[in-house]
file coords_25.csv (CSV, C-alpha atoms and all ligand atoms)
chain,number,residue,atom,x,y,z
O,4,MET,CA,-4.2,-4.6,-36.7
O,5,CYS,CA,-1.9,-6.0,-34.0
O,6,GLY,CA,-2.5,-6.8,-30.4
O,7,ILE,CA,-1.3,-6.8,-26.8
O,8,VAL,CA,-1.8,-9.3,-24.0
O,9,GLY,CA,-0.8,-9.0,-20.4
O,10,TYR,CA,-0.9,-11.3,-17.5
O,11,VAL,CA,-0.3,-10.9,-13.7
O,12,GLY,CA,-1.3,-13.8,-11.5
O,13,GLU,CA,-0.2,-17.0,-9.9
O,14,ARG,CA,-0.2,-19.2,-13.0
O,15,SER,CA,2.6,-19.7,-15.5
O,16,ALA,CA,2.4,-16.6,-17.7
O,17,GLN,CA,4.0,-18.1,-20.8
O,18,GLU,CA,1.0,-20.4,-21.7
O,19,ILE,CA,-1.6,-17.8,-20.9
O,20,LEU,CA,0.2,-15.2,-23.0
O,21,LEU,CA,0.6,-17.6,-25.9
O,22,ALA,CA,-3.1,-18.5,-25.8
O,23,GLY,CA,-4.0,-14.8,-25.8
O,24,LEU,CA,-1.8,-14.1,-28.8
O,25,LYS,CA,-3.5,-17.0,-30.7
O,26,ARG,CA,-6.8,-15.4,-29.9
O,27,LEU,CA,-5.6,-12.2,-31.5
O,28,GLU,CA,-4.2,-13.9,-34.6
O,29,TYR,CA,-7.3,-13.1,-36.7
O,30,ARG,CA,-6.3,-9.4,-36.6
O,31,GLY,CA,-3.2,-10.0,-38.7
O,32,TYR,CA,0.4,-9.5,-37.8
O,33,ASP,CA,4.0,-10.1,-39.1
O,34,SER,CA,5.8,-11.1,-35.9
O,35,SER,CA,5.2,-11.8,-32.3
O,36,GLY,CA,7.0,-11.7,-29.0
O,37,MET,CA,6.7,-11.7,-25.2
O,38,SER,CA,8.5,-10.6,-22.1
O,39,ILE,CA,8.2,-12.3,-18.7
O,40,ILE,CA,9.6,-11.3,-15.4
O,41,LEU,CA,11.7,-14.5,-14.6
O,42,THR,CA,10.9,-16.0,-11.2
O,43,ARG,CA,14.6,-16.8,-10.8
O,44,THR,CA,16.2,-13.5,-11.6
O,45,ARG,CA,13.2,-11.2,-11.2
O,46,SER,CA,14.3,-9.5,-14.4
O,47,PRO,CA,12.4,-9.3,-17.8
O,48,ALA,CA,13.5,-11.7,-20.5
O,49,ILE,CA,12.4,-11.5,-24.1
O,50,ARG,CA,11.6,-14.0,-26.8
O,51,LYS,CA,10.5,-12.9,-30.2
O,52,ALA,CA,10.1,-14.3,-33.7
O,53,SER,CA,9.1,-13.0,-37.1
O,54,GLY,CA,6.4,-14.8,-39.0
O,55,LYS,CA,3.7,-16.9,-37.4
O,56,ILE,CA,3.0,-17.4,-33.7
O,57,ILE,CA,4.0,-21.0,-34.1
O,58,ALA,CA,7.6,-19.8,-34.6
O,59,LEU,CA,7.5,-18.0,-31.2
O,60,GLU,CA,5.9,-21.1,-29.7
O,61,ARG,CA,8.7,-23.3,-31.0
O,62,LEU,CA,11.3,-20.9,-29.5
O,63,LEU,CA,9.5,-20.9,-26.2
O,64,HIS,CA,9.4,-24.7,-26.2
O,65,LYS,CA,13.2,-24.8,-26.7
O,66,SER,CA,13.9,-22.0,-24.3
O,67,PRO,CA,10.9,-21.3,-21.9
O,68,LEU,CA,10.3,-18.3,-19.8
O,69,SER,CA,9.3,-19.1,-16.3
O,70,GLY,CA,7.4,-16.5,-14.4
O,71,THR,CA,3.9,-15.3,-13.5
O,72,LEU,CA,3.9,-11.8,-14.9
O,73,GLY,CA,4.4,-10.7,-18.5
O,74,ILE,CA,3.4,-8.9,-21.7
O,75,ALA,CA,3.0,-10.2,-25.3
O,76,HIS,CA,2.5,-8.7,-28.7
O,77,THR,CA,1.6,-9.3,-32.3
O,78,ARG,CA,3.1,-6.7,-34.6
O,79,TRP,CA,1.9,-5.1,-37.8
O,80,ALA,CA,5.0,-3.1,-38.8
O,81,THR,CA,4.5,0.6,-39.5
O,82,HIS,CA,8.1,1.7,-38.9
O,83,GLY,CA,11.0,-0.7,-39.6
O,84,ALA,CA,10.9,-3.9,-41.6
O,85,PRO,CA,8.9,-6.8,-40.3
O,86,ASN,CA,11.9,-8.8,-38.9
O,87,HIS,CA,13.2,-10.3,-35.6
O,88,ILE,CA,15.0,-7.1,-34.5
O,89,ASN,CA,12.0,-4.9,-34.9
O,90,ALA,CA,9.5,-7.3,-33.3
O,91,HIS,CA,8.3,-6.3,-29.9
O,92,PRO,CA,8.9,-6.3,-26.9
O,93,HIS,CA,11.7,-3.7,-27.0
O,94,PHE,CA,14.2,-3.2,-24.2
O,95,ASN,CA,15.8,0.0,-22.8
O,96,CYS,CA,19.6,0.4,-22.8
O,97,LYS,CA,20.1,-1.7,-19.7
O,98,ASN,CA,17.7,-4.5,-20.7
O,99,ASP,CA,15.8,-4.1,-17.4
O,100,LEU,CA,12.6,-2.7,-18.8
O,101,ALA,CA,10.5,-4.1,-21.7
O,102,VAL,CA,7.8,-2.4,-23.7
O,103,VAL,CA,5.1,-3.5,-26.2
O,104,HIS,CA,3.2,-1.0,-28.3
O,105,ASN,CA,0.3,-0.8,-30.7
O,106,GLY,CA,0.0,2.3,-32.8
O,107,ILE,CA,2.3,4.9,-34.3
O,108,ILE,CA,4.6,7.5,-32.6
O,109,GLU,CA,4.5,10.4,-35.1
O,110,ASN,CA,7.3,12.4,-33.5
O,111,TYR,CA,9.7,9.5,-32.9
O,112,GLU,CA,12.5,10.8,-35.1
O,113,SER,CA,13.0,14.0,-33.1
O,114,LEU,CA,12.7,12.0,-29.8
O,115,LYS,CA,15.2,9.4,-31.0
O,116,SER,CA,17.8,12.0,-32.0
O,117,GLN,CA,17.5,13.7,-28.7
O,118,LEU,CA,17.8,10.4,-26.8
O,119,ILE,CA,20.8,9.4,-28.9
O,120,LYS,CA,22.4,12.7,-28.0
O,121,GLU,CA,21.7,11.9,-24.3
O,122,GLY,CA,23.6,8.6,-24.7
O,123,HIS,CA,20.8,6.1,-25.4
O,124,ARG,CA,21.6,3.2,-27.7
O,125,PHE,CA,19.0,2.1,-30.1
O,126,ARG,CA,18.8,-1.4,-31.6
O,127,SER,CA,15.7,-1.4,-33.8
O,128,GLN,CA,14.3,0.8,-36.6
O,129,THR,CA,10.9,1.1,-34.9
O,130,ASP,CA,9.1,4.1,-33.6
O,131,THR,CA,8.3,2.1,-30.5
O,132,GLU,CA,11.8,1.8,-29.1
O,133,VAL,CA,11.8,5.5,-28.2
O,134,ILE,CA,9.1,4.7,-25.6
O,135,ALA,CA,11.4,2.2,-23.8
O,136,HIS,CA,14.2,4.8,-23.7
O,137,LEU,CA,12.0,7.7,-22.6
O,138,ILE,CA,10.6,5.6,-19.7
O,139,GLU,CA,14.2,4.7,-18.8
O,140,LYS,CA,15.1,8.4,-18.8
O,141,PHE,CA,12.3,9.2,-16.3
O,142,TYR,CA,12.5,6.0,-14.2
O,143,LYS,CA,15.0,7.3,-11.6
O,144,SER,CA,13.3,8.0,-8.3
O,145,VAL,CA,9.6,7.6,-9.3
O,146,PRO,CA,7.4,4.6,-9.6
O,147,LEU,CA,7.1,2.9,-13.0
O,148,GLU,CA,3.6,4.3,-13.7
O,149,GLU,CA,4.9,7.8,-13.1
O,150,ALA,CA,7.8,7.3,-15.4
O,151,VAL,CA,5.4,6.0,-18.0
O,152,ARG,CA,3.1,9.0,-17.5
O,153,ARG,CA,6.0,11.4,-18.0
O,154,ALA,CA,7.2,9.6,-21.2
O,155,LEU,CA,3.7,9.5,-22.7
O,156,LYS,CA,3.4,13.3,-22.3
O,157,LEU,CA,6.1,13.7,-24.9
O,158,LEU,CA,4.5,11.4,-27.5
O,159,VAL,CA,2.5,12.5,-30.5
O,160,GLY,CA,0.5,9.8,-32.2
O,161,SER,CA,-1.5,6.8,-31.1
O,162,TYR,CA,-0.6,4.1,-28.7
O,163,ALA,CA,-1.6,1.3,-26.4
O,164,ILE,CA,1.4,0.0,-24.4
O,165,GLY,CA,2.4,-2.6,-21.9
O,166,VAL,CA,5.5,-2.2,-19.7
O,167,VAL,CA,7.3,-4.4,-17.2
O,168,ALA,CA,10.5,-3.6,-15.3
O,169,LYS,CA,13.1,-5.3,-13.1
O,170,LYS,CA,13.0,-2.6,-10.4
O,171,GLU,CA,9.3,-3.3,-9.7
O,172,PRO,CA,8.9,-7.0,-10.8
O,173,GLU,CA,5.3,-7.3,-9.4
O,174,LYS,CA,4.0,-4.5,-11.6
O,175,LEU,CA,2.6,-4.4,-15.1
O,176,VAL,CA,1.8,-0.9,-16.4
O,177,GLY,CA,-0.7,-0.4,-19.3
O,178,ALA,CA,-1.7,2.8,-20.9
O,179,ARG,CA,-3.4,4.0,-24.0
P,1,LIG,N1,4.6,1.2,-34.9
P,1,LIG,C1,5.0,0.1,-34.2
P,1,LIG,C2,6.0,-0.7,-35.0
P,1,LIG,O1,6.1,-0.6,-36.2
P,1,LIG,C3,3.9,-0.8,-33.7
P,1,LIG,C4,3.1,-1.4,-34.8
P,1,LIG,C5,1.9,-2.2,-34.3
P,1,LIG,O2,0.9,-1.5,-33.9
P,1,LIG,O3,2.0,-3.4,-34.3
P,1,LIG,O4,6.7,-1.6,-34.5
call {"tool": "encode", "arguments": {"input": "coords_25.csv", "output": "structure tokens", "more": "lines below"}}
Ligand code: GLU
result
Amino acid sequence: MCGIVGYVGERSAQEILLAGLKRLEYRGYDSSGMSIILTRTRSPAIRKASGKIIALERLLHKSPLSGTLGIAHTRWATHGAPNHINAHPHFNCKNDLAVVHNGIIENYESLKSQLIKEGHRFRSQTDTEVIAHLIEKFYKSVPLEEAVRRALKLLVGSYAIGVVAKKEPEKLVGAR
């Protein structure tokens, strides 16, 4: 079992998300990661690491994420090896939208081939990454939560997700 933590507020998100991940550690995981909307650029940045949360913590110590809104994840791999590339969060093509996901997308292969035909570029072997690209596809002239709703309608399987995006940097969308 893996886990998701999200934070929106006035405090520094990095420490709160890390503390949240540590509280989820007992559930088991193979990698962890987080995305925070940076105060400076108002864009999501990602840090992730395979192995224990301490590896992510060390990475964040060297290269911190400064912002007050973010999502974090501990992964238990179901699709794709437990490695750095497959760790969550996952970006869309433009790196301006980040997604964390617990669960399994059973129809991800057909969704992925369709999205590839439409020009989306995938980086991981996960089922999760289709969610980021689907949201990107629908996130044109609608709010983020509506793009998420439209994407979720196409998914078969189980999911809890957290999403953040540059276009609406004060928003964190969650769904299950
Ligand atoms: N199926 C997703 C993956 O393999 C999510 C696994 C999880 O729930 O942590 O990346």
call {"tool": "closest_residue", "arguments": {"input": "coords_25.csv", "among": "O:Gly122, O:Gly106, O:Gly23, O:Gly12", "to": "ligand LIG 1 (chain P)", "atoms": "all atoms listed in the file"}}
result
O:Gly106
call {"tool": "closest_residue", "arguments": {"input": "coords_25.csv", "among": "O:Leu20, O:Arg26, O:Val176, O:Ala135", "to": "Asn98 of chain O", "atoms": "all atoms listed in the file"}}
result
O:Ala135
call {"tool": "closest_residue", "arguments": {"input": "coords_25.csv", "among": "O:His64, O:Arg14, O:Arg50, O:Arg78", "to": "ligand LIG 1 (chain P)", "atoms": "only C-alpha atoms and all ligand atoms"}}
result
O:Arg78
call {"tool": "atom_distance", "arguments": {"input": "coords_25.csv", "atom1": "atom CA of Lys115 of chain O", "atom2": "atom CA of Glu171 of chain O"}}
result
25.5 Å
call {"tool": "residues_near_ligand", "arguments": {"input": "coords_25.csv", "ligand": "ligand LIG 1 (chain P)", "cutoff": "6 Å", "atoms": "all atoms listed in the file", "output": "PyMOL selection string"}}
result
chain O and resi 5+78-83+104-107+129-131
call {"tool": "write_last_selection", "arguments": {"input": "coords_25.csv", "atoms": "C-alpha atoms", "output": "PDB file, in the coordinates of the input"}}
result
ATOM      1  CA  CYS O   5      -1.900  -6.000 -34.000  1.00  0.00           C
ATOM      2  CA  ARG O  78       3.100  -6.700 -34.600  1.00  0.00           C
ATOM      3  CA  TRP O  79       1.900  -5.100 -37.800  1.00  0.00           C
ATOM      4  CA  ALA O  80       5.000  -3.100 -38.800  1.00  0.00           C
ATOM      5  CA  THR O  81       4.500   0.600 -39.500  1.00  0.00           C
ATOM      6  CA  HIS O  82       8.100   1.700 -38.900  1.00  0.00           C
ATOM      7  CA  GLY O  83      11.000  -0.700 -39.600  1.00  0.00           C
ATOM      8  CA  HIS O 104       3.200  -1.000 -28.300  1.00  0.00           C
ATOM      9  CA  ASN O 105       0.300  -0.800 -30.700  1.00  0.00           C
ATOM     10  CA  GLY O 106       0.000   2.300 -32.800  1.00  0.00           C
ATOM     11  CA  ILE O 107       2.300   4.900 -34.300  1.00  0.00           C
ATOM     12  CA  THR O 129      10.900   1.100 -34.900  1.00  0.00           C
ATOM     13  CA  ASP O 130       9.100   4.100 -33.600  1.00  0.00           C
ATOM     14  CA  THR O 131       8.300   2.100 -30.500  1.00  0.00           C
TER      15      THR O 131
END
call {"tool": "closest_residue", "arguments": {"input": "coords_25.csv", "among": "O:Ala16, O:Ile138, O:Val151, O:Ala178", "to": "Ala75 of chain O", "atoms": "all atoms listed in the file"}}
result
O:Ala16
call {"tool": "closest_residue", "arguments": {"input": "coords_25.csv", "among": "O:Ala163, O:Ala154, O:Val103, O:Ala58", "to": "His91 of chain O", "atoms": "all atoms listed in the file"}}
result
O:Val103
call {"tool": "closest_residue", "arguments": {"input": "coords_25.csv", "among": "O:Leu63, O:Cys96, O:Val8, O:Ile49", "to": "Glu121 of chain O", "atoms": "only C-alpha atoms"}}
result
O:Cys96
call {"tool": "residues_around", "arguments": {"input": "coords_25.csv", "residues": "Leu27 of chain O", "least_positions_apart": "5", "cutoff": "10 Å", "atoms": "only C-alpha atoms", "output": "ChimeraX atom specification"}}
result
/O:4-8,21-22,32,76-77
call {"tool": "write_last_selection", "arguments": {"input": "coords_25.csv", "atoms": "C-alpha atoms", "output": "short mmCIF file (atom, residue, chain, number, x, y, z; two decimals), in the coordinates of the input"}}
result
data_model
loop_
_atom_site.label_atom_id
_atom_site.label_comp_id
_atom_site.auth_asym_id
_atom_site.auth_seq_id
_atom_site.Cartn_x
_atom_site.Cartn_y
_atom_site.Cartn_z
CA MET O 4 -4.20 -4.60 -36.70
CA CYS O 5 -1.90 -6.00 -34.00
CA GLY O 6 -2.50 -6.80 -30.40
CA ILE O 7 -1.30 -6.80 -26.80
CA VAL O 8 -1.80 -9.30 -24.00
CA LEU O 21 0.60 -17.60 -25.90
CA ALA O 22 -3.10 -18.50 -25.80
CA TYR O 32 0.40 -9.50 -37.80
CA HIS O 76 2.50 -8.70 -28.70
CA THR O 77 1.60 -9.30 -32.30
#
call {"tool": "residues_near_point", "arguments": {"input": "coords_25.csv", "point": "(-3.3, -9.2, -18.2)", "cutoff": "8 Å", "atoms": "only C-alpha atoms", "output": "JSON, numbers by chain"}}
result
{"O": [8, 9, 10, 11, 73, 74]}
call {"tool": "atom_distance", "arguments": {"input": "coords_25.csv", "atom1": "atom CA of Thr42 of chain O", "atom2": "atom CA of Lys169 of chain O"}}
result
11.1 Å
call {"tool": "atom_distance", "arguments": {"input": "coords_25.csv", "atom1": "atom CA of Glu60 of chain O", "atom2": "atom CA of Gly36 of chain O"}}
result
9.5 Å
call {"tool": "residues_around", "arguments": {"input": "coords_25.csv", "residues": "Asn110 of chain O", "least_positions_apart": "4", "cutoff": "10 Å", "atoms": "all atoms listed in the file", "output": "VMD selection string"}}
result
chain O and resid 114 to 115 130 133 157 to 160
call {"tool": "residues_around", "arguments": {"input": "coords_25.csv", "residues": "Asp99 of chain O", "least_positions_apart": "6", "cutoff": "8 Å", "atoms": "all atoms listed in the file", "output": "compact mmCIF listing (two decimals) with C-alpha atoms, keeping the file's coordinate frame"}}
result
# COMPACT_ATOMS: atom_id res chain seq x y z
CA SER O 46 14.30 -9.50 -14.40
CA PRO O 47 12.40 -9.30 -17.80
CA ALA O 168 10.50 -3.60 -15.30
CA LYS O 169 13.10 -5.30 -13.10
CA LYS O 170 13.00 -2.60 -10.40
